[in-house]
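One file, final_37.pdb, carrying PDB, C-alpha atoms:
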MODEL        1
ATOM      1  CA  ALA Y 267      79.787  88.032  97.471
ATOM      2  CA  GLU Y 268      79.014  91.734  97.104
ATOM      3  CA  GLN Y 269      80.575  92.478 100.506
ATOM      4  CA  LYS Y 270      83.751  90.655  99.543
ATOM      5  CA  LYS Y 271      83.890  92.520  96.246
ATOM      6  CA  ASN Y 272      83.680  95.819  98.109
ATOM      7  CA  ALA Y 273      86.158  94.875 100.829
ATOM      8  CA  GLY Y 274      88.484  97.618  99.608
ATOM      9  CA  SER Y 275      85.972 100.417  99.933
ATOM     10  CA  SER Y 276      86.983 103.430 102.012
ATOM     11  CA  HIS Y 277      83.516 104.638 102.971
ATOM     12  CA  ASN Y 278      83.362 103.109 106.452
ATOM     13  CA  TRP Y 279      86.348 104.027 108.597
ATOM     14  CA  ASN Y 280      85.954 102.794 112.168
ATOM     15  CA  SER Y 281      89.136 101.002 113.186
ATOM     16  CA  LEU Y 282      87.970 100.105 116.682
ATOM     17  CA  PHE Y 283      84.653  98.666 115.567
ATOM     18  CA  MET Y 284      83.518  96.212 118.243
ATOM     19  CA  ARG Y 285      81.096  93.370 117.768
ATOM     20  CA  GLN Y 286      78.339  93.951 120.336
ATOM     21  CA  ASP Y 287      78.082  90.261 121.155
ATOM     22  CA  THR Y 288      81.770  90.219 122.079
ATOM     23  CA  VAL Y 289      81.416  93.389 124.146
ATOM     24  CA  ALA Y 290      78.528  91.760 126.020
ATOM     25  CA  GLU Y 291      80.685  88.690 126.703
ATOM     26  CA  VAL Y 292      83.469  90.862 128.145
ATOM     27  CA  VAL Y 293      81.092  92.904 130.293
ATOM     28  CA  ALA Y 294      79.288  89.791 131.539
ATOM     29  CA  ALA Y 295      82.576  88.155 132.474
ATOM     30  CA  GLY Y 296      83.529  91.271 134.402
ATOM     31  CA  HIS Y 297      80.349  90.949 136.476
ATOM     32  CA  GLY Y 298      80.638  87.197 136.934
ATOM     33  CA  LEU Y 299      77.562  86.576 134.790
ATOM     34  CA  GLU Y 300      76.695  84.550 131.739
ATOM     35  CA  LYS Y 301      76.033  86.675 128.681
ATOM     36  CA  SER Y 302      72.377  85.586 128.644
ATOM     37  CA  GLU Y 303      71.972  86.753 132.246
ATOM     38  CA  LEU Y 304      73.399  90.139 131.364
ATOM     39  CA  LEU Y 305      71.136  90.592 128.351
ATOM     40  CA  ASP Y 306      68.063  89.544 130.341
ATOM     41  CA  ALA Y 307      69.055  91.963 133.062
ATOM     42  CA  GLU Y 308      69.402  94.827 130.614
ATOM     43  CA  GLU Y 309      65.696  95.445 131.032
ATOM     44  CA  ASN Y 310      66.691  96.734 134.435
ATOM     45  CA  SER Y 311      67.786 100.340 134.019
ATOM     46  CA  SER Y 312      70.762  99.982 136.354
ATOM     47  CA  MET Y 313      72.099  97.055 134.317
ATOM     48  CA  ALA Y 314      71.642  99.036 131.111
ATOM     49  CA  VAL Y 315      73.827 101.732 132.625
ATOM     50  CA  ARG Y 316      76.379  99.101 133.608
ATOM     51  CA  MET Y 317      76.398  97.830 130.042
ATOM     52  CA  ALA Y 318      77.073 101.310 128.676
ATOM     53  CA  LEU Y 319      79.831 101.914 131.211
ATOM     54  CA  GLY Y 320      81.163  98.453 130.539
ATOM     55  CA  GLU Y 321      81.502  99.181 126.844
ATOM     56  CA  THR Y 322      83.531 102.285 127.660
ATOM     57  CA  SER Y 323      85.726 100.135 129.889
ATOM     58  CA  VAL Y 324      86.179  97.545 127.124
ATOM     59  CA  ILE Y 325      87.394 100.237 124.743
ATOM     60  CA  ALA Y 326      89.857 101.478 127.381
ATOM     61  CA  GLN Y 327      91.094  97.929 128.060
ATOM     62  CA  THR Y 328      91.541  97.324 124.346
ATOM     63  CA  LYS Y 329      93.555 100.505 123.855
ATOM     64  CA  LYS Y 330      95.742  99.669 126.863
ATOM     65  CA  ALA Y 331      96.460  96.162 125.578
ATOM     66  CA  LEU Y 332      97.226  97.402 122.070
ATOM     67  CA  THR Y 333      99.616 100.017 123.449
ATOM     68  CA  ALA Y 334     101.411  97.383 125.535
ATOM     69  CA  ALA Y 335     101.854  95.293 122.369
ATOM     70  CA  GLY Y 336     103.612  98.116 120.530
ATOM     71  CA  VAL Y 337     100.619  99.444 118.629
ATOM     72  CA  ASN Y 338     100.378 103.147 117.874
ATOM     73  CA  VAL Y 339      96.817 103.535 119.183
ATOM     74  CA  ALA Y 340      96.680 107.173 118.106
ATOM     75  CA  SER Y 341      96.725 106.004 114.487
ATOM     76  CA  LEU Y 342      93.511 104.048 115.133
ATOM     77  CA  THR Y 343      91.562 106.812 116.826
ATOM     78  CA  VAL Y 344      91.786 109.628 114.322
ATOM     79  CA  ALA Y 345      88.543 111.305 113.330
ATOM     80  CA  THR Y 346      89.029 110.665 109.619
ATOM     81  CA  LYS Y 347      90.263 107.659 107.688
ATOM     82  CA  PRO Y 348      94.058 107.502 107.304
ATOM     83  CA  LYS Y 349      95.509 108.650 103.994
ATOM     84  CA  HIS Y 350      98.312 106.100 103.969
ATOM     85  CA  ARG Y 351      97.791 102.407 104.634
ATOM     86  CA  SER Y 352     100.177  99.596 105.437
ATOM     87  CA  LYS Y 353     100.943  97.022 102.763
ATOM     88  CA  THR Y 354     101.495  94.287 105.326
ATOM     89  CA  ALA Y 355      99.284  94.977 108.364
ATOM     90  CA  MET Y 356      95.534  94.574 108.585
ATOM     91  CA  LEU Y 357      92.852  94.977 111.238
ATOM     92  CA  VAL Y 358      90.700  91.924 111.920
ATOM     93  CA  LYS Y 359      87.257  92.656 113.337
ATOM     94  CA  ASN Y 360      83.953  91.000 114.217
ATOM     95  CA  LEU Y 361      85.769  88.325 116.218
ATOM     96  CA  PRO Y 362      83.955  86.002 118.638
ATOM     97  CA  PHE Y 363      84.951  86.339 122.292
ATOM     98  CA  LYS Y 364      86.234  82.759 122.493
ATOM     99  CA  VAL Y 365      88.786  83.130 119.724
ATOM    100  CA  GLU Y 366      92.378  82.263 120.635
ATOM    101  CA  GLU Y 367      95.525  83.909 119.310
ATOM    102  CA  SER Y 368      96.861  80.544 118.118
ATOM    103  CA  GLU Y 369      93.766  80.068 115.958
ATOM    104  CA  LEU Y 370      94.336  83.383 114.212
ATOM    105  CA  VAL Y 371      98.036  82.692 113.751
ATOM    106  CA  ASP Y 372      97.135  79.372 112.130
ATOM    107  CA  LEU Y 373      94.442  80.936 109.939
ATOM    108  CA  PHE Y 374      96.558  83.777 108.591
ATOM    109  CA  SER Y 375      99.890  81.940 108.378
ATOM    110  CA  ARG Y 376      98.363  79.633 105.773
ATOM    111  CA  HIS Y 377      98.883  82.528 103.385
ATOM    112  CA  GLY Y 378     102.434  83.510 104.354
ATOM    113  CA  ASP Y 379     104.794  84.368 107.195
ATOM    114  CA  VAL Y 380     103.129  86.392 109.944
ATOM    115  CA  ALA Y 381     105.476  88.837 111.664
ATOM    116  CA  ARG Y 382     103.079  90.103 114.330
ATOM    117  CA  LEU Y 383      99.655  89.222 115.621
ATOM    118  CA  VAL Y 384      98.090  91.253 118.401
ATOM    119  CA  LEU Y 385      94.885  90.058 120.086
ATOM    120  CA  PRO Y 386      93.812  91.969 123.222
ATOM    121  CA  SER Y 387      92.132  89.991 126.000
ATOM    122  CA  THR Y 388      88.872  91.750 125.135
ATOM    123  CA  LYS Y 389      88.963  89.956 121.746
ATOM    124  CA  THR Y 390      87.246  92.924 120.103
ATOM    125  CA  THR Y 391      89.812  93.376 117.351
ATOM    126  CA  ALA Y 392      93.138  91.952 116.228
ATOM    127  CA  ILE Y 393      96.023  93.228 114.129
ATOM    128  CA  VAL Y 394      97.922  90.902 111.807
ATOM    129  CA  ASP Y 395     101.184  91.962 110.176
ATOM    130  CA  PHE Y 396     102.827  89.907 107.430
ATOM    131  CA  LEU Y 397     106.498  89.885 106.503
ATOM    132  CA  GLU Y 398     105.717  90.268 102.807
ATOM    133  CA  PRO Y 399     103.146  92.517 101.084
ATOM    134  CA  THR Y 400     102.346  89.797  98.527
ATOM    135  CA  ASP Y 401     101.383  87.381 101.302
ATOM    136  CA  ALA Y 402      99.309  90.065 103.014
ATOM    137  CA  ARG Y 403      97.401  90.652  99.788
ATOM    138  CA  LYS Y 404      96.758  86.935  99.374
ATOM    139  CA  ALA Y 405      95.446  86.646 102.916
ATOM    140  CA  PHE Y 406      93.254  89.702 102.572
ATOM    141  CA  LYS Y 407      91.711  88.459  99.344
ATOM    142  CA  ALA Y 408      91.092  84.986 100.748
ATOM    143  CA  LEU Y 409      89.804  85.924 104.196
ATOM    144  CA  ALA Y 410      87.846  89.187 103.869
ATOM    145  CA  TYR Y 411      84.231  88.360 104.777
ATOM    146  CA  SER Y 412      85.032  84.652 105.015
ATOM    147  CA  ARG Y 413      83.284  82.678 107.766
ATOM    148  CA  PHE Y 414      85.240  82.144 110.970
ATOM    149  CA  LYS Y 415      83.471  80.468 113.888
ATOM    150  CA  GLN Y 416      80.121  81.201 112.232
ATOM    151  CA  GLN Y 417      80.923  84.915 111.844
ATOM    152  CA  PRO Y 418      82.173  86.864 108.810
ATOM    153  CA  LEU Y 419      85.640  88.338 109.283
ATOM    154  CA  TYR Y 420      85.862  92.079 108.664
ATOM    155  CA  LEU Y 421      89.288  93.093 107.398
ATOM    156  CA  GLU Y 422      90.753  96.473 106.579
ATOM    157  CA  TRP Y 423      94.250  97.675 105.876
ATOM    158  CA  ALA Y 424      95.768  99.230 108.979
ATOM    159  CA  PRO Y 425      97.222 102.739 109.029
ATOM    160  CA  GLU Y 426     100.788 102.837 107.762
ATOM    161  CA  ASP Y 427     102.130 103.743 111.208
ATOM    162  CA  VAL Y 428     100.002 101.273 113.191
ATOM    163  CA  PHE Y 429     103.054  99.699 114.861
ATOM    164  CA  ASN Y 430     105.716 101.533 116.822
ATOM    165  CA  ALA Y 431     109.313 100.947 115.743
ATOM    166  CA  ASP Y 432     110.028  98.759 118.786
ATOM    167  CA  ALA Y 433     106.916  96.588 118.481
ATOM    168  CA  PRO Y 434     107.828  92.931 119.151
ATOM    169  CA  VAL Y 435     107.524  90.264 116.475
ATOM    170  CA  LEU Y 436     106.433  86.630 116.764
ATOM    171  CA  ALA Y 437     109.200  84.228 117.735
ATOM    172  CA  SER Y 438     108.737  82.325 114.466
ATOM    173  CA  ALA Y 439     109.220  85.539 112.497
ATOM    174  CA  ALA Y 440     112.210  86.653 114.539
ATOM    175  CA  ARG Y 441     114.246  83.554 113.676
ATOM    176  CA  GLY Y 442     116.261  84.564 110.647
ATOM    177  CA  GLN Y 443     113.529  86.764 109.189
ATOM    178  CA  THR Y 444     113.727  90.387 108.176
ATOM    179  CA  ALA Y 445     111.418  93.070 109.502
ATOM    180  CA  PRO Y 446     108.070  93.542 107.735
ATOM    181  CA  LYS Y 447     108.249  95.670 104.615
ATOM    182  CA  SER Y 448     106.137  98.704 105.389
ATOM    183  CA  ALA Y 449     104.504 100.873 102.765
ATOM    184  CA  ASN Y 450     106.123 104.092 101.632
ATOM    185  CA  ALA Y 451     104.295 107.289 102.429
ATOM    186  CA  GLY Y 452     101.786 108.069  99.738
ATOM    187  CA  ASP Y 453     101.547 104.501  98.470
ATOM    188  CA  ALA Y 454      98.091 103.168  97.829
ATOM    189  CA  ALA Y 455      97.027 100.126  99.774
ATOM    190  CA  PRO Y 456      97.105  96.713  98.055
ATOM    191  CA  ASN Y 457      94.525  96.235  95.310
ATOM    192  CA  GLY Y 458      94.232 100.036  95.169
ATOM    193  CA  ALA Y 459      92.095  99.888  98.303
ATOM    194  CA  PRO Y 460      92.905 102.266 101.155
ATOM    195  CA  ASN Y 461      90.311 100.683 103.436
ATOM    196  CA  ALA Y 462      88.473  97.492 103.870
ATOM    197  CA  SER Y 463      85.497  96.160 105.652
ATOM    198  CA  LYS Y 464      82.402  97.024 107.413
ATOM    199  CA  GLY Y 465      83.311  99.458 110.047
TER     200      GLY Y 465
ENDMDL
END
Show this structure as structure tokens.
Amino acid sequence: AEQKKNAGSSHNWNSLFMRQDTVAEVVAAGHGLEKSELLDAEENSSMAVRMALGETSVIAQTKKALTAAGVNVASLTVATKPKHRSKTAMLVKNLPFKVEESELVDLFSRHGDVARLVLPSTKTTAIVDFLEPTDARKAFKALAYSRFKQQPLYLEWAPEDVFNADAPVLASAARGQTAPKSANAGDAAPNGAPNASKG
């Protein structure tokens, strides 16, 4: 309850936070191993090195996939927390490796029309963009720190410029819908919260 209450706090800015369990799943899959085999093998120094290198690779894969989906990755890798946040787009973190895009679309669209949803194959983070700020606020309030596949969802408002101008939208949003209403420069994020979530 306390975590949900503080979901708008700006003290932990780490947009590319990656759940270690998910990273291990990705690395294990890359080596043709089960996650348990990888973790057991970590006692071996060479496997520990592989794990560290694998995590670096996962970050690179994630950035590449986000870029291909029209995400302005530079906005997510700044050293300090962004001053201006989107009113419609949020980062979704602490996801399990077996999550599917359709599951997230279903989860978030219960609260309004979703314009974009980006989920890299690494499953380490997702970005959800609503058509309307009011719907985005409803979803954020309902889902921040809620349980999803036995894990709490970590949400935070994305930087205002998280999507490039030519970023594609979902087919359902493209049919007769207008583009998402982005925040004006200098606007505070919904609920007066520039950031959200454990980072």
Q) Looking at all atoms listed in the file, which of Y:Gly378, Y:Pro434, Y:Gly320, Y:Pro362 is the one that sits closest to Thr400 of chain Y? A)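 The shortest atom-to-atom distance to Thr400 of chain Y comes from Y:Gly378.
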Q: Could you list the residues chosen by the PyMOL selection byres ((chain Y and resi 430) around 10) in this structure as a ChimeraX atom specification?
A: /Y:333,335-339,427-429,431-434
Q) Looking at Y:Val380, Y:Leu421, Y:Pro348, Y:Leu332, which one is nearest to Ala437 of chain Y, with distances taken over all atoms listed in the file? A) Y:Val380
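Coordinates place atom CA of Leu357 of chain Y at a distance of 14.8 Å from atom CA of Ala331 of chain Y.
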Q: Choose the residue, out of Y:Leu383, Y:Ala340, Y:Ala326, Y:Leu419, that has the smallest atom-to-atom separation from Ala355 of chain Y; count all atoms listed in the file.
A: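 Of the candidates, the smallest distance to Ala355 of chain Y is held by Y:Leu383.
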Q. Contacts of segment 390-397 of chain Y at 6 Å or less, counting all atoms listed in the file, minus same-chain residues fewer than 3 places along, as a PyMOL selection string?
A. chain Y and resi 284+354-359+379-385+402+446
Edge lengths and centre in Å, axis-aligned, segment 371-387 of chain Y plus 4 Å each side, as lines of an AutoDock Vina configuration file:
center_x = 98.8
center_y = 85.7
center_z = 114.7
size_x = 21.3
size_y = 20.6
size_z = 30.6
Specify as a PDB file with C-alpha atoms, keeping the file's coordinate frame each residue included when the PyMOL selection byres ((chain Y and resi 352) around 6) is applied to this file.
ATOM      1  CA  ARG Y 351      97.791 102.407 104.634  1.00  0.00           C
ATOM      2  CA  LYS Y 353     100.943  97.022 102.763  1.00  0.00           C
ATOM      3  CA  THR Y 354     101.495  94.287 105.326  1.00  0.00           C
ATOM      4  CA  ALA Y 355      99.284  94.977 108.364  1.00  0.00           C
ATOM      5  CA  ALA Y 424      95.768  99.230 108.979  1.00  0.00           C
ATOM      6  CA  PRO Y 425      97.222 102.739 109.029  1.00  0.00           C
ATOM      7  CA  GLU Y 426     100.788 102.837 107.762  1.00  0.00           C
ATOM      8  CA  ALA Y 449     104.504 100.873 102.765  1.00  0.00           C
TER       9      ALA Y 449
END
Q: Could you tell me how far atom CA of Gln417 of chain Y lies from atom CA of Phe363 of chain Y, in Å and to one decimal?
A: 11.3 Å
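Of the residues under consideration (Y:Phe414, Y:Phe406, Y:Glu422, Y:Thr328), Y:Phe414 shows the shortest atom-to-atom contact distance to Glu369 of chain Y when counting only C-alpha atoms.
Counting from atom CA of Lys349 of chain Y, the distance to atom CA of Tyr420 of chain Y is 19.7 Å.
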Q: Between Y:Lys329, Y:Lys407, Y:Lys415, Y:Lys364, single out the one closest to Pro386 of chain Y, counting all atoms listed in the file.
A: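 For Pro386 of chain Y, the nearest of the given residues is Y:Lys329.
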